[in-house]
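Data from input_35.pdb: PDB, C-alpha atoms, pLDDT in the B column
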```pdb
ATOM      1  CA  MET A   1      72.056  83.429  48.250  1.00 55.00           C
ATOM      2  CA  PRO A   2      73.309  83.260  51.829  1.00 57.00           C
ATOM      3  CA  THR A   3      75.736  86.124  51.148  1.00 58.00           C
ATOM      4  CA  VAL A   4      72.905  88.340  49.899  1.00 59.00           C
ATOM      5  CA  VAL A   5      70.787  87.608  52.974  1.00 62.00           C
ATOM      6  CA  SER A   6      73.711  88.440  55.231  1.00 64.00           C
ATOM      7  CA  GLN A   7      74.275  91.794  53.507  1.00 68.00           C
ATOM      8  CA  GLU A   8      70.584  92.619  53.714  1.00 71.00           C
ATOM      9  CA  THR A   9      70.607  91.926  57.431  1.00 69.00           C
ATOM     10  CA  LEU A  10      73.642  94.153  57.819  1.00 72.00           C
ATOM     11  CA  THR A  11      71.869  97.039  56.138  1.00 76.00           C
ATOM     12  CA  ALA A  12      68.644  96.556  58.017  1.00 75.00           C
ATOM     13  CA  PHE A  13      69.913  96.099  61.539  1.00 75.00           C
ATOM     14  CA  THR A  14      73.175  98.054  61.758  1.00 77.00           C
ATOM     15  CA  PRO A  15      71.459 101.437  62.338  1.00 76.00           C
ATOM     16  CA  VAL A  16      69.335  99.864  65.089  1.00 74.00           C
ATOM     17  CA  ILE A  17      72.352  98.289  66.775  1.00 77.00           C
ATOM     18  CA  LEU A  18      74.278 101.551  66.767  1.00 77.00           C
ATOM     19  CA  GLN A  19      71.343 103.704  67.801  1.00 76.00           C
ATOM     20  CA  GLN A  20      71.852 105.836  70.936  1.00 74.00           C
ATOM     21  CA  MET A  21      69.387 104.730  73.598  1.00 72.00           C
ATOM     22  CA  PRO A  22      68.438 106.639  76.751  1.00 69.00           C
ATOM     23  CA  ASP A  23      69.519 105.005  80.039  1.00 66.00           C
ATOM     24  CA  PRO A  24      66.485 105.044  82.361  1.00 61.00           C
ATOM     25  CA  PHE A  25      68.549 104.014  85.419  1.00 63.00           C
ATOM     26  CA  ALA A  26      71.093 106.787  84.964  1.00 62.00           C
ATOM     27  CA  ALA A  27      68.335 109.325  84.397  1.00 56.00           C
ATOM     28  CA  ALA A  28      66.584 108.245  87.592  1.00 59.00           C
ATOM     29  CA  SER A  29      69.697 108.388  89.795  1.00 60.00           C
ATOM     30  CA  ILE A  30      71.246 111.598  88.558  1.00 58.00           C
ATOM     31  CA  GLU A  31      69.697 114.261  86.414  1.00 58.00           C
ATOM     32  CA  GLU A  32      72.847 115.544  84.785  1.00 60.00           C
ATOM     33  CA  PRO A  33      75.884 113.273  84.577  1.00 56.00           C
ATOM     34  CA  THR A  34      79.206 114.823  85.526  1.00 58.00           C
ATOM     35  CA  LEU A  35      82.824 113.742  85.448  1.00 59.00           C
ATOM     36  CA  GLU A  36      83.981 116.295  87.992  1.00 61.00           C
ATOM     37  CA  PRO A  37      85.642 114.880  91.117  1.00 62.00           C
ATOM     38  CA  THR A  38      83.689 114.855  94.350  1.00 70.00           C
ATOM     39  CA  GLY A  39      84.701 114.490  97.989  1.00 82.00           C
ATOM     40  CA  THR A  40      87.408 116.105 100.035  1.00 88.00           C
ATOM     41  CA  HIS A  41      91.113 116.219  99.304  1.00 89.00           C
ATOM     42  CA  ALA A  42      91.706 113.638 102.028  1.00 91.00           C
ATOM     43  CA  GLU A  43      89.192 111.239 100.477  1.00 92.00           C
ATOM     44  CA  HIS A  44      90.799 111.759  97.097  1.00 91.00           C
ATOM     45  CA  GLU A  45      94.250 110.927  98.500  1.00 93.00           C
ATOM     46  CA  ILE A  46      92.867 107.813 100.188  1.00 94.00           C
ATOM     47  CA  SER A  47      91.410 106.643  96.880  1.00 93.00           C
ATOM     48  CA  ARG A  48      94.671 107.345  95.089  1.00 93.00           C
ATOM     49  CA  PHE A  49      96.675 105.435  97.703  1.00 96.00           C
ATOM     50  CA  LEU A  50      94.332 102.431  97.562  1.00 95.00           C
ATOM     51  CA  ALA A  51      94.626 102.362  93.786  1.00 94.00           C
ATOM     52  CA  LEU A  52      98.414 102.130  93.929  1.00 94.00           C
ATOM     53  CA  SER A  53      98.497  98.421  94.688  1.00 93.00           C
ATOM     54  CA  ALA A  54      96.113  95.503  94.962  1.00 93.00           C
ATOM     55  CA  ASP A  55      97.992  94.461  98.110  1.00 94.00           C
ATOM     56  CA  ILE A  56      96.651  97.418 100.089  1.00 96.00           C
ATOM     57  CA  ARG A  57      93.601  96.357 102.086  1.00 97.00           C
ATOM     58  CA  GLY A  58      92.670  99.658 103.676  1.00 96.00           C
ATOM     59  CA  CYS A  59      93.947 102.853 105.218  1.00 96.00           C
ATOM     60  CA  ALA A  60      92.993 105.902 107.226  1.00 96.00           C
ATOM     61  CA  ILE A  61      94.320 109.431 107.577  1.00 96.00           C
ATOM     62  CA  LEU A  62      94.021 111.127 110.952  1.00 95.00           C
ATOM     63  CA  GLU A  63      94.404 114.719 112.014  1.00 92.00           C
ATOM     64  CA  ALA A  64      94.443 115.684 115.686  1.00 86.00           C
ATOM     65  CA  ASP A  65      93.180 112.211 116.666  1.00 79.00           C
ATOM     66  CA  ARG A  66      90.237 112.439 114.284  1.00 89.00           C
ATOM     67  CA  VAL A  67      89.774 110.458 111.113  1.00 93.00           C
ATOM     68  CA  LEU A  68      89.882 112.747 108.096  1.00 92.00           C
ATOM     69  CA  ALA A  69      89.192 109.961 105.649  1.00 93.00           C
ATOM     70  CA  CYS A  70      89.330 106.185 105.647  1.00 94.00           C
ATOM     71  CA  SER A  71      88.473 103.200 103.519  1.00 94.00           C
ATOM     72  CA  GLY A  72      85.862 101.718 105.861  1.00 90.00           C
ATOM     73  CA  ASP A  73      84.013 102.445 109.081  1.00 92.00           C
ATOM     74  CA  PRO A  74      85.501 105.688 110.507  1.00 93.00           C
ATOM     75  CA  LEU A  75      84.736 104.760 114.121  1.00 93.00           C
ATOM     76  CA  ARG A  76      86.515 101.422 113.861  1.00 95.00           C
ATOM     77  CA  TRP A  77      89.437 102.964 112.033  1.00 96.00           C
ATOM     78  CA  GLN A  78      89.768 105.769 114.554  1.00 95.00           C
ATOM     79  CA  ALA A  79      89.943 103.456 117.562  1.00 95.00           C
ATOM     80  CA  ALA A  80      92.295 101.009 115.852  1.00 96.00           C
ATOM     81  CA  ALA A  81      94.589 103.657 114.392  1.00 97.00           C
ATOM     82  CA  GLU A  82      94.838 105.547 117.681  1.00 96.00           C
ATOM     83  CA  ALA A  83      95.720 102.321 119.479  1.00 96.00           C
ATOM     84  CA  LEU A  84      98.485 101.508 116.993  1.00 97.00           C
ATOM     85  CA  LEU A  85      99.949 105.016 117.111  1.00 96.00           C
ATOM     86  CA  ALA A  86      99.798 105.039 120.923  1.00 96.00           C
ATOM     87  CA  ALA A  87     101.487 101.637 121.129  1.00 97.00           C
ATOM     88  CA  ALA A  88     104.238 102.856 118.767  1.00 97.00           C
ATOM     89  CA  ASP A  89     104.718 105.986 120.871  1.00 95.00           C
ATOM     90  CA  ARG A  90     104.954 103.954 124.083  1.00 95.00           C
ATOM     91  CA  ALA A  91     107.459 101.618 122.471  1.00 95.00           C
ATOM     92  CA  THR A  92     109.651 104.526 121.403  1.00 92.00           C
ATOM     93  CA  GLY A  93     109.189 106.587 124.532  1.00 91.00           C
ATOM     94  CA  ASP A  94     108.568 109.561 122.252  1.00 89.00           C
ATOM     95  CA  GLN A  95     106.472 110.249 119.168  1.00 92.00           C
ATOM     96  CA  ALA A  96     107.283 107.493 116.708  1.00 96.00           C
ATOM     97  CA  ALA A  97     107.989 108.516 113.111  1.00 96.00           C
ATOM     98  CA  HIS A  98     106.659 105.298 111.657  1.00 97.00           C
ATOM     99  CA  ALA A  99     106.008 101.703 112.608  1.00 97.00           C
ATOM    100  CA  HIS A 100     105.694  98.409 110.773  1.00 97.00           C
ATOM    101  CA  VAL A 101     104.066  95.402 112.375  1.00 97.00           C
ATOM    102  CA  ALA A 102     103.971  92.181 110.362  1.00 95.00           C
ATOM    103  CA  THR A 103     101.404  89.699 111.671  1.00 94.00           C
ATOM    104  CA  GLU A 104     100.176  86.382 110.326  1.00 91.00           C
ATOM    105  CA  ASP A 105      96.975  88.037 109.037  1.00 92.00           C
ATOM    106  CA  GLY A 106      98.506  91.047 107.350  1.00 95.00           C
ATOM    107  CA  GLU A 107     100.920  93.911 107.773  1.00 96.00           C
ATOM    108  CA  ALA A 108     100.089  97.142 109.586  1.00 98.00           C
ATOM    109  CA  TYR A 109     101.889 100.409 108.950  1.00 98.00           C
ATOM    110  CA  ALA A 110     101.659 103.700 110.800  1.00 98.00           C
ATOM    111  CA  MET A 111     103.304 106.966 109.866  1.00 97.00           C
ATOM    112  CA  ARG A 112     103.294 110.525 111.178  1.00 95.00           C
ATOM    113  CA  HIS A 113     103.879 113.667 109.141  1.00 93.00           C
ATOM    114  CA  GLY A 114     103.410 116.936 110.990  1.00 90.00           C
ATOM    115  CA  ASP A 115     100.102 116.921 112.797  1.00 90.00           C
ATOM    116  CA  ARG A 116      98.709 114.201 110.550  1.00 94.00           C
ATOM    117  CA  ALA A 117      99.113 110.469 110.700  1.00 96.00           C
ATOM    118  CA  MET A 118      98.318 107.633 108.358  1.00 97.00           C
ATOM    119  CA  VAL A 119      97.655 103.981 109.082  1.00 97.00           C
ATOM    120  CA  ALA A 120      97.526 101.306 106.394  1.00 98.00           C
ATOM    121  CA  VAL A 121      97.028  97.558 106.176  1.00 98.00           C
ATOM    122  CA  THR A 122      98.434  95.403 103.401  1.00 97.00           C
ATOM    123  CA  ASP A 123      98.681  91.739 102.549  1.00 94.00           C
ATOM    124  CA  ARG A 124     101.645  89.805 103.894  1.00 91.00           C
ATOM    125  CA  PHE A 125     105.093  90.068 102.313  1.00 88.00           C
ATOM    126  CA  THR A 126     104.603  93.471 100.735  1.00 90.00           C
ATOM    127  CA  LEU A 127     107.709  95.565 100.233  1.00 89.00           C
ATOM    128  CA  ALA A 128     107.714  97.763 103.321  1.00 93.00           C
ATOM    129  CA  SER A 129     109.914 100.471 101.829  1.00 93.00           C
ATOM    130  CA  LEU A 130     107.495 100.966  98.935  1.00 94.00           C
ATOM    131  CA  VAL A 131     104.422 101.091 101.167  1.00 96.00           C
ATOM    132  CA  LEU A 132     106.091 103.573 103.513  1.00 96.00           C
ATOM    133  CA  ALA A 133     107.239 105.722 100.580  1.00 96.00           C
ATOM    134  CA  ASP A 134     103.696 105.783  99.199  1.00 96.00           C
ATOM    135  CA  MET A 135     102.291 106.687 102.617  1.00 97.00           C
ATOM    136  CA  ARG A 136     104.842 109.484 102.971  1.00 96.00           C
ATOM    137  CA  ALA A 137     103.977 110.785  99.497  1.00 96.00           C
ATOM    138  CA  THR A 138     100.266 110.722 100.369  1.00 96.00           C
ATOM    139  CA  LEU A 139     100.780 112.685 103.581  1.00 96.00           C
ATOM    140  CA  ARG A 140     103.045 115.175 101.825  1.00 95.00           C
ATOM    141  CA  ALA A 141     100.529 115.677  99.043  1.00 93.00           C
ATOM    142  CA  LEU A 142      97.848 116.250 101.642  1.00 92.00           C
ATOM    143  CA  SER A 143      99.954 118.809 103.482  1.00 90.00           C
ATOM    144  CA  ARG A 144      99.889 121.047 100.401  1.00 87.00           C
ATOM    145  CA  VAL A 145      96.092 121.254 100.199  1.00 83.00           C
ATOM    146  CA  PRO A 146      93.222 121.953 102.613  1.00 82.00           C
ATOM    147  CA  ALA A 147      92.502 118.337 103.493  1.00 77.00           C
ATOM    148  CA  ARG A 148      89.003 118.831 104.867  1.00 80.00           C
ATOM    149  CA  GLU A 149      87.729 120.926 101.991  1.00 80.00           C
ATOM    150  CA  PRO A 150      86.081 119.548  98.875  1.00 80.00           C
ATOM    151  CA  ILE A 151      88.097 119.344  95.729  1.00 76.00           C
ATOM    152  CA  ALA A 152      87.534 122.448  93.640  1.00 68.00           C
ATOM    153  CA  THR A 153      85.728 121.771  90.418  1.00 54.00           C
ATOM    154  CA  VAL A 154      87.837 122.091  87.318  1.00 49.00           C
ATOM    155  CA  ALA A 155      86.789 125.012  85.145  1.00 46.00           C
TER
ATOM    156  CA  MET B 156     118.632  84.329 104.921  1.00 65.00           C
ATOM    157  CA  GLN B 157     120.563  83.625 101.771  1.00 66.00           C
ATOM    158  CA  LYS B 158     120.189  86.531  99.347  1.00 69.00           C
ATOM    159  CA  PRO B 159     119.973  86.094  95.565  1.00 67.00           C
ATOM    160  CA  HIS B 160     123.397  85.537  94.037  1.00 64.00           C
ATOM    161  CA  ARG B 161     124.891  88.635  92.462  1.00 69.00           C
ATOM    162  CA  LEU B 162     126.856  87.134  89.637  1.00 73.00           C
ATOM    163  CA  VAL B 163     126.562  86.814  85.897  1.00 75.00           C
ATOM    164  CA  LEU B 164     124.288  83.926  84.989  1.00 76.00           C
ATOM    165  CA  ASP B 165     124.382  82.124  81.671  1.00 77.00           C
ATOM    166  CA  ARG B 166     120.632  82.372  81.138  1.00 82.00           C
ATOM    167  CA  VAL B 167     118.372  85.413  81.473  1.00 85.00           C
ATOM    168  CA  SER B 168     115.684  83.259  83.043  1.00 87.00           C
ATOM    169  CA  GLY B 169     118.234  82.281  85.671  1.00 86.00           C
ATOM    170  CA  TYR B 170     117.762  85.677  87.289  1.00 86.00           C
ATOM    171  CA  ALA B 171     114.020  85.088  87.517  1.00 88.00           C
ATOM    172  CA  ASP B 172     114.683  81.664  89.041  1.00 88.00           C
ATOM    173  CA  GLU B 173     116.994  83.216  91.618  1.00 87.00           C
ATOM    174  CA  ALA B 174     114.430  85.898  92.501  1.00 86.00           C
ATOM    175  CA  GLY B 175     111.641  83.333  92.747  1.00 89.00           C
ATOM    176  CA  ALA B 176     113.697  81.116  95.008  1.00 89.00           C
ATOM    177  CA  TYR B 177     114.545  84.081  97.218  1.00 87.00           C
ATOM    178  CA  LEU B 178     110.869  85.019  97.570  1.00 84.00           C
ATOM    179  CA  ARG B 179     109.993  81.428  98.459  1.00 86.00           C
ATOM    180  CA  ARG B 180     112.717  81.357 101.121  1.00 86.00           C
ATOM    181  CA  ARG B 181     111.432  84.690 102.428  1.00 81.00           C
ATOM    182  CA  ARG B 182     107.864  83.408 102.741  1.00 80.00           C
ATOM    183  CA  LEU B 183     108.957  80.243 104.498  1.00 82.00           C
ATOM    184  CA  THR B 184     111.362  81.747 106.974  1.00 82.00           C
ATOM    185  CA  ARG B 185     109.850  85.126 107.779  1.00 82.00           C
ATOM    186  CA  LYS B 186     108.290  85.436 111.209  1.00 87.00           C
ATOM    187  CA  PRO B 187     105.963  88.147 112.573  1.00 92.00           C
ATOM    188  CA  PHE B 188     107.792  91.207 113.836  1.00 94.00           C
ATOM    189  CA  ALA B 189     107.173  94.742 115.065  1.00 96.00           C
ATOM    190  CA  ARG B 190     109.590  97.533 114.295  1.00 97.00           C
ATOM    191  CA  VAL B 191     109.189 101.142 115.391  1.00 97.00           C
ATOM    192  CA  TYR B 192     111.248 104.015 114.019  1.00 96.00           C
ATOM    193  CA  ALA B 193     112.121 107.167 115.936  1.00 94.00           C
ATOM    194  CA  PRO B 194     112.088 110.587 114.213  1.00 91.00           C
ATOM    195  CA  GLY B 195     115.859 110.314 113.809  1.00 89.00           C
ATOM    196  CA  GLY B 196     115.432 107.207 111.675  1.00 88.00           C
ATOM    197  CA  GLU B 197     116.594 104.687 114.245  1.00 92.00           C
ATOM    198  CA  GLY B 198     114.517 101.517 114.128  1.00 94.00           C
ATOM    199  CA  VAL B 199     114.005  99.269 117.110  1.00 96.00           C
ATOM    200  CA  LEU B 200     112.668  95.732 116.925  1.00 96.00           C
ATOM    201  CA  HIS B 201     110.074  94.820 119.554  1.00 96.00           C
ATOM    202  CA  PRO B 202     109.747  91.039 119.910  1.00 94.00           C
ATOM    203  CA  PRO B 203     106.276  89.709 120.734  1.00 92.00           C
ATOM    204  CA  GLU B 204     107.553  88.406 124.077  1.00 93.00           C
ATOM    205  CA  THR B 205     108.118  91.941 125.370  1.00 95.00           C
ATOM    206  CA  GLU B 206     105.394  94.183 126.752  1.00 96.00           C
ATOM    207  CA  SER B 207     105.831  96.810 124.047  1.00 96.00           C
ATOM    208  CA  GLY B 208     105.862  94.138 121.338  1.00 96.00           C
ATOM    209  CA  ARG B 209     102.705  92.563 122.676  1.00 96.00           C
ATOM    210  CA  ALA B 210     100.955  95.953 122.699  1.00 97.00           C
ATOM    211  CA  LEU B 211     102.061  96.591 119.124  1.00 97.00           C
ATOM    212  CA  PHE B 212     100.815  93.206 117.907  1.00 97.00           C
ATOM    213  CA  LEU B 213      97.458  93.679 119.645  1.00 97.00           C
ATOM    214  CA  ALA B 214      97.060  97.143 118.136  1.00 97.00           C
ATOM    215  CA  ALA B 215      98.079  95.866 114.708  1.00 97.00           C
ATOM    216  CA  ALA B 216      95.486  93.094 114.942  1.00 97.00           C
ATOM    217  CA  GLY B 217      92.845  95.758 115.593  1.00 96.00           C
ATOM    218  CA  VAL B 218      93.917  97.711 112.515  1.00 97.00           C
ATOM    219  CA  VAL B 219      93.912  94.567 110.362  1.00 97.00           C
ATOM    220  CA  ASP B 220      90.367  93.859 111.588  1.00 96.00           C
ATOM    221  CA  ALA B 221      89.291  97.409 110.777  1.00 95.00           C
ATOM    222  CA  ALA B 222      90.562  96.953 107.235  1.00 95.00           C
ATOM    223  CA  ARG B 223      88.366  93.889 106.784  1.00 91.00           C
ATOM    224  CA  ASP B 224      85.165  95.964 106.873  1.00 73.00           C
TER
END
```

So that I can check it, write out the structure of this file as structure tokens.
Amino acid sequence: MPTVVSQETLTAFTPVILQQMPDPFAAASIEEPTLEPTGTHAEHEISRFLALSADIRGCAILEADRVLACSGDPLRWQAAAEALLAAADRATGDQAAHAHVATEDGEAYAMRHGDRAMVAVTDRFTLASLVLADMRATLRALSRVPAREPIATVA
Amino acid sequence: MQKPHRLVLDRVSGYADEAGAYLRRRRLTRKPFARVYAPGGEGVLHPPETESGRALFLAAAGVVDAARD
């Protein structure tokens, strides 16, 4: 008897469980869902860099002393990143290629590539060579595309 | 700092033990530092006692704060 009841329940409720239901929240927020990427190339590279490691707390990419993209407040990032790059330049006496400052609260990295610069913050004890290699790869990838322009939609 | 031993160990897990011990030593003994690299690849250490080192640490603290937002 219990087995029969179970099978009857299966027949009666399975179609209801598997039924496609409309999502009222999704319909209210966006009329037509899309999977196409949005944002500029710089924002895309920032997202990709942040996704590389859980140890990365934040980063910013600058071009001609202006923030192209960052992971937080652009005004705060711009002032902080400029200060770090300027301090590195003063320490070198010329334009510094890259800098690594390890503090008790975290590790700060700065790197220049052409007319662009990138600043990143990670947790303590990250492998500096890996972080710097990822930053260099990000800046190189960005140099091959128009950083300020939106990503072209895929046909 | 003593680096992990580069020799053949009798157990595979011995390598993991060596690496773990090295990371623990690194965490305990590592002190804050600031290193700046010139375009030629030459790196110069700037101790926090120096003026340039102090400026670098202050600037780095600002960047770390910006990343908190």

*Using the chain letters and numbering of this document, enumerate as a PyMOL selection string the residues selected by the PyMOL selection byres ((chain A and resi 114-128) around 7).*
(chain A and resi 55-64+81+106-113+129-132) or (chain B and resi 219+222)

*Take the ChimeraX specification (/B :<7) & /A, apply it to the structure above, and return the hits as a PyMOL selection string.*
chain A and resi 57-58+72-73+76-77+80-81+83-84+87-88+91-92+96-104+106+108+121

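With CA of Cys70 (chain A) on one side and CA of His44 (chain A) on the other, the separation reads 10.3 Å.
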
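Interatomic distance, CA of Ala51 (chain A) against CA of Ala147 (chain A): 18.8 Å.
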
Using the file's own x, y and z axes, so that the box edges lie along x, y and z, what centre and edge lengths in Å (one decimal) does a box around every listed atom of region 209-216 of chain B get when 5 Å is added on each side? Give it as JSON.
```
{"center_x": 99.1, "center_y": 94.9, "center_z": 118.7, "size_x": 17.2, "size_y": 14.6, "size_z": 18.0}
```

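CA of Leu52 (chain A) to CA of Asp65 (chain A) spans 25.4 Å [interatomic distance, one decimal].
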
_As a check of understanding, name the residues that the PyMOL selection byres ((chain A and resi 149) around 10) selects in the supplied structure, as an MDAnalysis selection string._
chainID A and resid 39:43 145:148 150:152

Residues from last step as file, C-alpha atoms, as a CSV table (one decimal), keeping the file's coordinate frame:
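The new file part-v6.csv reads:
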```csv
chain,number,residue,atom,x,y,z
A,39,GLY,CA,84.7,114.5,98.0
A,40,THR,CA,87.4,116.1,100.0
A,41,HIS,CA,91.1,116.2,99.3
A,42,ALA,CA,91.7,113.6,102.0
A,43,GLU,CA,89.2,111.2,100.5
A,145,VAL,CA,96.1,121.3,100.2
A,146,PRO,CA,93.2,122.0,102.6
A,147,ALA,CA,92.5,118.3,103.5
A,148,ARG,CA,89.0,118.8,104.9
A,150,PRO,CA,86.1,119.5,98.9
A,151,ILE,CA,88.1,119.3,95.7
A,152,ALA,CA,87.5,122.4,93.6
```
